[in-house]
$ cat coords34.cif   # mmCIF, C-alpha atoms
data_coords
#
loop_
_atom_site.label_atom_id
_atom_site.label_comp_id
_atom_site.auth_asym_id
_atom_site.auth_seq_id
_atom_site.Cartn_x
_atom_site.Cartn_y
_atom_site.Cartn_z
CA MET A 1 5.25 -22.74 8.27
CA THR A 2 6.00 -19.14 7.35
CA SER A 3 7.93 -16.80 9.62
CA ALA A 4 7.23 -13.08 9.78
CA VAL A 5 8.68 -9.92 11.28
CA TRP A 6 7.09 -6.54 11.92
CA THR A 7 7.83 -3.01 13.02
CA ARG A 8 6.12 0.34 13.29
CA TYR A 9 7.34 3.15 11.09
CA GLU A 10 6.71 6.83 11.82
CA ALA A 11 5.75 8.24 8.42
CA PRO A 12 4.78 11.83 7.65
CA ILE A 13 1.25 10.51 6.97
CA GLY A 14 1.10 8.82 10.39
CA PRO A 15 2.42 5.59 11.84
CA LEU A 16 2.53 2.55 9.56
CA LEU A 17 2.78 -1.08 10.61
CA LEU A 18 5.09 -3.02 8.31
CA ALA A 19 5.25 -6.82 8.20
CA ALA A 20 7.38 -9.09 6.06
CA THR A 21 8.01 -12.77 5.47
CA GLU A 22 11.08 -14.41 3.98
CA GLU A 23 9.39 -13.76 0.59
CA GLY A 24 9.14 -10.00 1.11
CA LEU A 25 6.93 -7.22 2.40
CA VAL A 26 3.49 -8.67 3.08
CA LEU A 27 1.56 -5.97 4.93
CA VAL A 28 1.38 -2.19 5.40
CA VAL A 29 -1.26 -0.82 7.78
CA PHE A 30 -2.20 2.86 8.21
CA ARG A 31 -2.87 4.59 11.55
CA ALA A 32 -0.79 1.97 13.36
CA ASP A 33 -1.19 2.96 16.98
CA GLU A 34 -0.43 0.25 19.55
CA GLU A 35 -3.91 -1.25 19.49
CA THR A 36 -4.19 -1.29 15.69
CA SER A 37 -0.69 -2.74 15.42
CA ALA A 38 -1.43 -5.51 17.90
CA ARG A 39 -4.62 -6.47 16.01
CA ALA A 40 -2.84 -6.39 12.65
CA VAL A 41 0.11 -8.46 13.87
CA ALA A 42 -2.25 -11.07 15.36
CA ALA A 43 -4.35 -11.16 12.17
CA VAL A 44 -1.39 -11.52 9.82
CA GLY A 45 0.02 -14.22 12.09
CA ARG A 46 -3.24 -16.18 11.84
CA ARG A 47 -3.30 -15.76 8.05
CA LEU A 48 0.32 -16.86 7.68
CA GLY A 49 0.23 -19.55 10.37
CA CYS A 50 3.00 -18.07 12.50
CA THR A 51 3.73 -15.68 15.34
CA PRO A 52 5.34 -12.55 13.87
CA VAL A 53 8.20 -11.09 15.89
CA GLU A 54 9.12 -7.44 16.17
CA ASP A 55 12.36 -6.81 14.29
CA ALA A 56 13.04 -3.28 13.06
CA ALA A 57 16.49 -4.24 11.74
CA ALA A 58 15.04 -6.87 9.41
CA LEU A 59 12.72 -4.22 7.93
CA ALA A 60 15.44 -1.55 7.55
CA PRO A 61 15.49 -1.90 3.73
CA VAL A 62 11.75 -1.14 3.70
CA THR A 63 11.96 1.79 6.10
CA GLY A 64 14.94 3.18 4.21
CA GLN A 65 13.01 3.18 0.94
CA LEU A 66 9.99 4.71 2.67
CA ASP A 67 12.25 7.45 4.09
CA ASP A 68 13.44 8.21 0.55
CA PHE A 69 9.89 8.12 -0.86
CA PHE A 70 8.57 10.56 1.74
CA ALA A 71 11.63 12.80 1.24
CA GLY A 72 10.76 12.94 -2.47
CA THR A 73 13.98 11.25 -3.61
CA ARG A 74 12.50 7.84 -4.47
CA LYS A 75 9.86 7.33 -7.13
CA ASP A 76 9.88 3.52 -7.36
CA PHE A 77 10.11 0.91 -4.66
CA ASP A 78 12.59 -1.88 -5.24
CA LEU A 79 11.43 -4.36 -2.62
CA PRO A 80 10.53 -8.02 -2.77
CA LEU A 81 6.79 -8.40 -2.16
CA ASP A 82 4.93 -11.33 -0.68
CA TRP A 83 1.55 -11.50 -2.45
CA SER A 84 0.24 -14.37 -0.29
CA LEU A 85 -2.49 -12.26 1.37
CA VAL A 86 -4.20 -11.65 -2.00
CA THR A 87 -5.44 -14.03 -4.65
CA GLY A 88 -7.27 -14.15 -7.96
CA PHE A 89 -8.71 -10.96 -9.39
CA GLN A 90 -7.43 -8.80 -6.56
CA ARG A 91 -3.86 -10.02 -7.11
CA ARG A 92 -4.09 -9.44 -10.87
CA VAL A 93 -5.34 -5.88 -10.37
CA LEU A 94 -2.75 -5.00 -7.72
CA ARG A 95 0.11 -6.41 -9.76
CA GLU A 96 -1.09 -4.46 -12.80
CA LEU A 97 -1.26 -1.30 -10.69
CA ALA A 98 2.23 -1.86 -9.27
CA GLY A 99 3.72 -2.42 -12.70
CA SER A 100 1.95 0.16 -14.82
CA VAL A 101 0.98 3.31 -12.92
CA PRO A 102 4.17 5.25 -12.22
CA TYR A 103 4.91 7.91 -9.65
CA GLY A 104 3.09 11.16 -10.35
CA GLN A 105 0.42 9.59 -12.54
CA VAL A 106 -3.05 8.22 -11.87
CA ALA A 107 -5.33 5.64 -13.44
CA SER A 108 -9.07 5.23 -13.09
CA TYR A 109 -10.81 2.22 -11.63
CA GLN A 110 -12.24 1.63 -15.11
CA ASP A 111 -8.80 1.86 -16.71
CA LEU A 112 -7.46 -0.85 -14.41
CA ALA A 113 -10.51 -3.03 -15.08
CA ASP A 114 -9.82 -2.68 -18.81
CA ARG A 115 -6.10 -3.43 -18.35
CA VAL A 116 -6.83 -6.75 -16.65
CA GLY A 117 -9.38 -7.71 -19.31
CA GLU A 118 -12.47 -7.22 -17.11
CA PRO A 119 -14.18 -4.08 -18.48
CA ASP A 120 -17.31 -4.58 -16.35
CA ALA A 121 -15.34 -4.82 -13.11
CA ALA A 122 -14.58 -1.19 -12.19
CA ARG A 123 -16.39 -1.59 -8.84
CA ALA A 124 -14.46 -4.80 -8.16
CA VAL A 125 -11.25 -2.86 -8.86
CA GLY A 126 -12.37 -0.40 -6.19
CA ALA A 127 -12.89 -3.27 -3.77
CA ALA A 128 -9.42 -4.62 -4.62
CA MET A 129 -7.91 -1.20 -3.91
CA GLY A 130 -9.72 -1.05 -0.57
CA ALA A 131 -8.34 -4.45 0.41
CA ASN A 132 -4.76 -3.76 -0.76
CA PRO A 133 -2.46 -5.22 1.93
CA LEU A 134 0.50 -3.18 0.61
CA PRO A 135 -0.65 0.45 0.29
CA VAL A 136 1.93 3.11 -0.51
CA VAL A 137 4.30 0.47 -1.93
CA VAL A 138 1.56 -0.88 -4.22
CA PRO A 139 0.19 2.61 -4.90
CA CYS A 140 -3.59 2.31 -4.66
CA HIS A 141 -3.60 6.04 -3.85
CA ARG A 142 -2.95 6.56 -7.59
CA VAL A 143 -6.36 5.13 -8.54
CA VAL A 144 -9.09 7.73 -8.98
CA GLU A 145 -12.59 8.03 -10.44
CA SER A 146 -13.03 8.32 -14.21
CA GLY A 147 -14.93 11.60 -13.80
CA GLY A 148 -12.07 13.28 -11.97
CA GLY A 149 -13.09 12.52 -8.38
CA ILE A 150 -10.49 11.36 -5.92
CA GLY A 151 -12.37 8.13 -5.10
CA GLY A 152 -12.04 6.26 -1.85
CA PHE A 153 -9.03 5.13 0.14
CA GLY A 154 -8.56 2.61 2.93
CA GLY A 155 -6.25 4.97 4.82
CA GLY A 156 -8.72 7.85 4.56
CA LEU A 157 -9.05 10.61 2.00
CA GLU A 158 -6.69 13.00 3.80
CA ILE A 159 -3.84 10.47 3.54
CA LYS A 160 -4.70 9.88 -0.14
CA ARG A 161 -4.55 13.63 -0.75
CA GLN A 162 -1.19 13.85 1.05
CA LEU A 163 0.28 11.02 -1.04
CA LEU A 164 -1.03 12.50 -4.30
CA ALA A 165 0.34 15.93 -3.29
CA LEU A 166 3.73 14.37 -2.50
CA GLU A 167 3.76 12.96 -6.03
CA GLY A 168 2.71 16.29 -7.56
CA VAL A 169 -0.71 15.06 -8.72
CA LEU A 170 -2.59 17.43 -6.37
CA PRO A 171 -1.47 20.78 -4.97
CA ALA A 172 -0.07 20.62 -1.46
CA PRO A 173 -2.55 21.73 1.22
CA LEU A 174 -2.28 25.40 2.12
CA PHE A 175 -2.71 24.70 5.85
#
$ encode --input "coords34.cif" --output "structure tokens"
Amino acid sequence: MTSAVWTRYEAPIGPLLLAATEEGLVLVVFRADEETSARAVAAVGRRLGCTPVEDAAALAPVTGQLDDFFAGTRKDFDLPLDWSLVTGFQRRVLRELAGSVPYGQVASYQDLADRVGEPDAARAVGAAMGANPLPVVVPCHRVVESGGGIGGFGGGLEIKRQLLALEGVLPAPLF
């Protein structure tokens, strides 16, 4: 049986739910109001076979690195990750993304499909990005369309724009 902890983190892009196991960070959820957080905690508990407990202190290393990232002083996360919520193709794509698309750069869905040896799977890469359980830390916001479009984003396009602006990929909004 796995044990898990969770907390809510007030990010500049809105509240995030963070959950971790003894293996590492397992879940990041956008727009984590009380209702969304309760649903996410219950769902991750079912998936992991445990009852997650709220423990902000246990997640302090994560929130500290997020503070630094949003302040613009951290470009890489140095956190243990628990990949147990993803398998197969999705895991391969997300691990490739995490290891090969640095801060301030982007890759296309097609580029990631090529990198994992599946050149006909650009749409599947998009689906993997949409199901990423570790957004921000595993930076699916850095994946864009080959033709220059911003693409989709599970947290919403405004949050994707904010993250890309933070990294200097897009200009900051004027207002």
$ residues_around --input "coords34.cif" --residues "segment 57-66 of chain A" --least-positions-apart "3" --cutoff "12 Å" --atoms "all atoms listed in the file" --output "PyMOL selection string"
chain A and resi 4-13+15-22+24-28+53-54+69-81+134-137
$ residues_around --input "coords34.cif" --residues "segment 148-158 of chain A" --least-positions-apart "6" --cutoff "9 Å" --atoms "only C-alpha atoms" --output "ChimeraX atom specification"
/A:13,29-31,108-109,126,129-132,135,140-141
$ closest_residue --input "coords34.cif" --among "A:Val44, A:Val106, A:Val125, A:Ala113" --to "Leu85 of chain A" --atoms "all atoms listed in the file"
A:Val44
$ atom_distance --input "coords34.cif" --atom1 "atom CA of Arg95 of chain A" --atom2 "atom CA of Arg46 of chain A"
23.9 Å
$ atom_distance --input "coords34.cif" --atom1 "atom CA of Ser146 of chain A" --atom2 "atom CA of Pro133 of chain A"
23.6 Å
$ residues_near_point --input "coords34.cif" --point "(4.3, 1.2, -8.9)" --cutoff "8 Å" --atoms "only C-alpha atoms" --output "PyMOL selection string"
chain A and resi 76-77+97-103+137-139
$ write_last_selection --input "coords34.cif" --atoms "C-alpha atoms" --output "PDB file, in the frame of the given file"
ATOM      1  CA  ASP A  76       9.880   3.520  -7.360  1.00  0.00           C
ATOM      2  CA  PHE A  77      10.110   0.910  -4.660  1.00  0.00           C
ATOM      3  CA  LEU A  97      -1.260  -1.300 -10.690  1.00  0.00           C
ATOM      4  CA  ALA A  98       2.230  -1.860  -9.270  1.00  0.00           C
ATOM      5  CA  GLY A  99       3.720  -2.420 -12.700  1.00  0.00           C
ATOM      6  CA  SER A 100       1.950   0.160 -14.820  1.00  0.00           C
ATOM      7  CA  VAL A 101       0.980   3.310 -12.920  1.00  0.00           C
ATOM      8  CA  PRO A 102       4.170   5.250 -12.220  1.00  0.00           C
ATOM      9  CA  TYR A 103       4.910   7.910  -9.650  1.00  0.00           C
ATOM     10  CA  VAL A 137       4.300   0.470  -1.930  1.00  0.00           C
ATOM     11  CA  VAL A 138       1.560  -0.880  -4.220  1.00  0.00           C
ATOM     12  CA  PRO A 139       0.190   2.610  -4.900  1.00  0.00           C
TER      13      PRO A 139
END
$ atom_distance --input "coords34.cif" --atom1 "atom CA of Ala43 of chain A" --atom2 "atom CA of Val143 of chain A"
26.4 Å
$ resolve_selection --input "coords34.cif" --expression "the PyMOL selection byres ((chain A and resi 166) around 10)" --output "PyMOL selection string"
chain A and resi 69-72+103-104+160-165+167-172
$ closest_residue --input "coords34.cif" --among "A:Ser3, A:Thr36, A:Arg47, A:Ala122" --to "Gln90 of chain A" --atoms "all atoms listed in the file"
A:Ala122
$ axis_aligned_box --input "coords34.cif" --around "segment 27-42 of chain A" --padding-each-side "5 Å" --output "lines of an AutoDock Vina configuration file"
center_x = -1.5
center_y = -3.2
center_z = 12.2
size_x = 16.2
size_y = 25.7
size_z = 24.6
$ closest_residue --input "coords34.cif" --among "A:Pro119, A:Thr51, A:Arg142, A:Ala40" --to "Gln105 of chain A" --atoms "all atoms listed in the file"
A:Arg142
$ residues_near_point --input "coords34.cif" --point "(5.5, -20.3, 10.4)" --cutoff "6 Å" --atoms "all atoms listed in the file" --output "list in words"
Met1, Thr2, Ser3, Gly49 and Cys50 of chain A
$ decode --input "coords34.cif" --residues "segment 13-42 of chain A" --atoms "N, CA, C and O atoms" --output "short mmCIF file (atom, residue, chain, number, x, y, z; two decimals), in the first residue's frame"
data_model
loop_
_atom_site.label_atom_id
_atom_site.label_comp_id
_atom_site.auth_asym_id
_atom_site.auth_seq_id
_atom_site.Cartn_x
_atom_site.Cartn_y
_atom_site.Cartn_z
N ILE A 13 -0.20 31.66 -11.05
CA ILE A 13 -1.13 31.23 -12.11
C ILE A 13 -2.42 30.67 -11.54
O ILE A 13 -3.25 30.16 -12.27
N GLY A 14 -2.59 30.74 -10.22
CA GLY A 14 -3.76 30.21 -9.55
C GLY A 14 -3.38 29.06 -8.64
O GLY A 14 -2.25 28.55 -8.70
N PRO A 15 -4.31 28.63 -7.80
CA PRO A 15 -3.98 27.58 -6.83
C PRO A 15 -3.71 26.24 -7.52
O PRO A 15 -4.38 25.85 -8.46
N LEU A 16 -2.67 25.56 -7.01
CA LEU A 16 -2.30 24.23 -7.49
C LEU A 16 -2.47 23.24 -6.34
O LEU A 16 -2.13 23.54 -5.20
N LEU A 17 -2.98 22.07 -6.65
CA LEU A 17 -2.97 20.96 -5.70
C LEU A 17 -1.71 20.17 -5.98
O LEU A 17 -1.42 19.85 -7.15
N LEU A 18 -0.96 19.85 -4.96
CA LEU A 18 0.25 19.05 -5.08
C LEU A 18 0.06 17.78 -4.25
O LEU A 18 -0.41 17.85 -3.12
N ALA A 19 0.42 16.65 -4.81
CA ALA A 19 0.37 15.38 -4.07
C ALA A 19 1.65 14.62 -4.32
O ALA A 19 2.22 14.67 -5.42
N ALA A 20 2.10 13.92 -3.30
CA ALA A 20 3.34 13.15 -3.40
C ALA A 20 3.21 11.84 -2.64
O ALA A 20 2.43 11.72 -1.69
N THR A 21 3.98 10.87 -3.09
CA THR A 21 4.13 9.59 -2.40
C THR A 21 5.55 9.52 -1.86
O THR A 21 6.34 10.46 -2.06
N GLU A 22 5.90 8.41 -1.25
CA GLU A 22 7.28 8.26 -0.79
C GLU A 22 8.27 8.22 -1.96
O GLU A 22 9.45 8.48 -1.80
N GLU A 23 7.76 7.95 -3.17
CA GLU A 23 8.61 7.96 -4.37
C GLU A 23 8.91 9.37 -4.86
O GLU A 23 9.94 9.62 -5.46
N GLY A 24 7.96 10.29 -4.70
CA GLY A 24 8.14 11.66 -5.16
C GLY A 24 6.82 12.30 -5.53
O GLY A 24 5.74 11.75 -5.30
N LEU A 25 6.93 13.47 -6.14
CA LEU A 25 5.74 14.20 -6.59
C LEU A 25 4.97 13.35 -7.58
O LEU A 25 5.54 12.85 -8.55
N VAL A 26 3.67 13.20 -7.36
CA VAL A 26 2.86 12.33 -8.22
C VAL A 26 1.77 13.08 -8.97
O VAL A 26 1.30 12.63 -10.00
N LEU A 27 1.38 14.27 -8.45
CA LEU A 27 0.25 14.96 -9.06
C LEU A 27 0.33 16.47 -8.83
O LEU A 27 0.65 16.92 -7.73
N VAL A 28 0.03 17.22 -9.89
CA VAL A 28 -0.14 18.67 -9.83
C VAL A 28 -1.46 18.96 -10.55
O VAL A 28 -1.65 18.52 -11.68
N VAL A 29 -2.35 19.69 -9.91
CA VAL A 29 -3.66 19.99 -10.49
C VAL A 29 -3.86 21.50 -10.49
O VAL A 29 -3.67 22.16 -9.47
N PHE A 30 -4.25 22.04 -11.67
CA PHE A 30 -4.54 23.46 -11.81
C PHE A 30 -5.91 23.81 -11.23
O PHE A 30 -6.76 22.94 -11.05
N ARG A 31 -6.12 25.11 -10.97
CA ARG A 31 -7.40 25.64 -10.52
C ARG A 31 -7.95 24.86 -9.31
O ARG A 31 -9.10 24.44 -9.29
N ALA A 32 -7.07 24.69 -8.34
CA ALA A 32 -7.36 23.81 -7.21
C ALA A 32 -8.13 24.52 -6.10
O ALA A 32 -7.63 24.74 -5.01
N ASP A 33 -9.39 24.87 -6.41
CA ASP A 33 -10.26 25.37 -5.35
C ASP A 33 -10.58 24.19 -4.43
O ASP A 33 -10.13 23.07 -4.65
N GLU A 34 -11.38 24.43 -3.41
CA GLU A 34 -11.66 23.36 -2.44
C GLU A 34 -12.33 22.16 -3.09
O GLU A 34 -11.96 21.01 -2.81
N GLU A 35 -13.30 22.41 -3.94
CA GLU A 35 -14.03 21.30 -4.57
C GLU A 35 -13.12 20.50 -5.50
O GLU A 35 -13.10 19.27 -5.46
N THR A 36 -12.37 21.18 -6.34
CA THR A 36 -11.44 20.50 -7.26
C THR A 36 -10.40 19.73 -6.47
O THR A 36 -10.07 18.59 -6.82
N SER A 37 -9.89 20.32 -5.41
CA SER A 37 -8.89 19.65 -4.59
C SER A 37 -9.45 18.39 -3.96
O SER A 37 -8.79 17.35 -3.97
N ALA A 38 -10.65 18.47 -3.42
CA ALA A 38 -11.26 17.30 -2.78
C ALA A 38 -11.44 16.17 -3.79
O ALA A 38 -11.15 15.00 -3.49
N ARG A 39 -11.91 16.51 -5.00
CA ARG A 39 -12.07 15.48 -6.04
C ARG A 39 -10.73 14.87 -6.43
O ARG A 39 -10.61 13.66 -6.59
N ALA A 40 -9.72 15.72 -6.60
CA ALA A 40 -8.40 15.23 -7.01
C ALA A 40 -7.76 14.36 -5.93
O ALA A 40 -7.17 13.32 -6.25
N VAL A 41 -7.88 14.76 -4.68
CA VAL A 41 -7.32 13.97 -3.58
C VAL A 41 -8.01 12.60 -3.52
O VAL A 41 -7.36 11.57 -3.38
N ALA A 42 -9.33 12.60 -3.64
CA ALA A 42 -10.06 11.32 -3.62
C ALA A 42 -9.65 10.44 -4.81
O ALA A 42 -9.42 9.24 -4.65
#
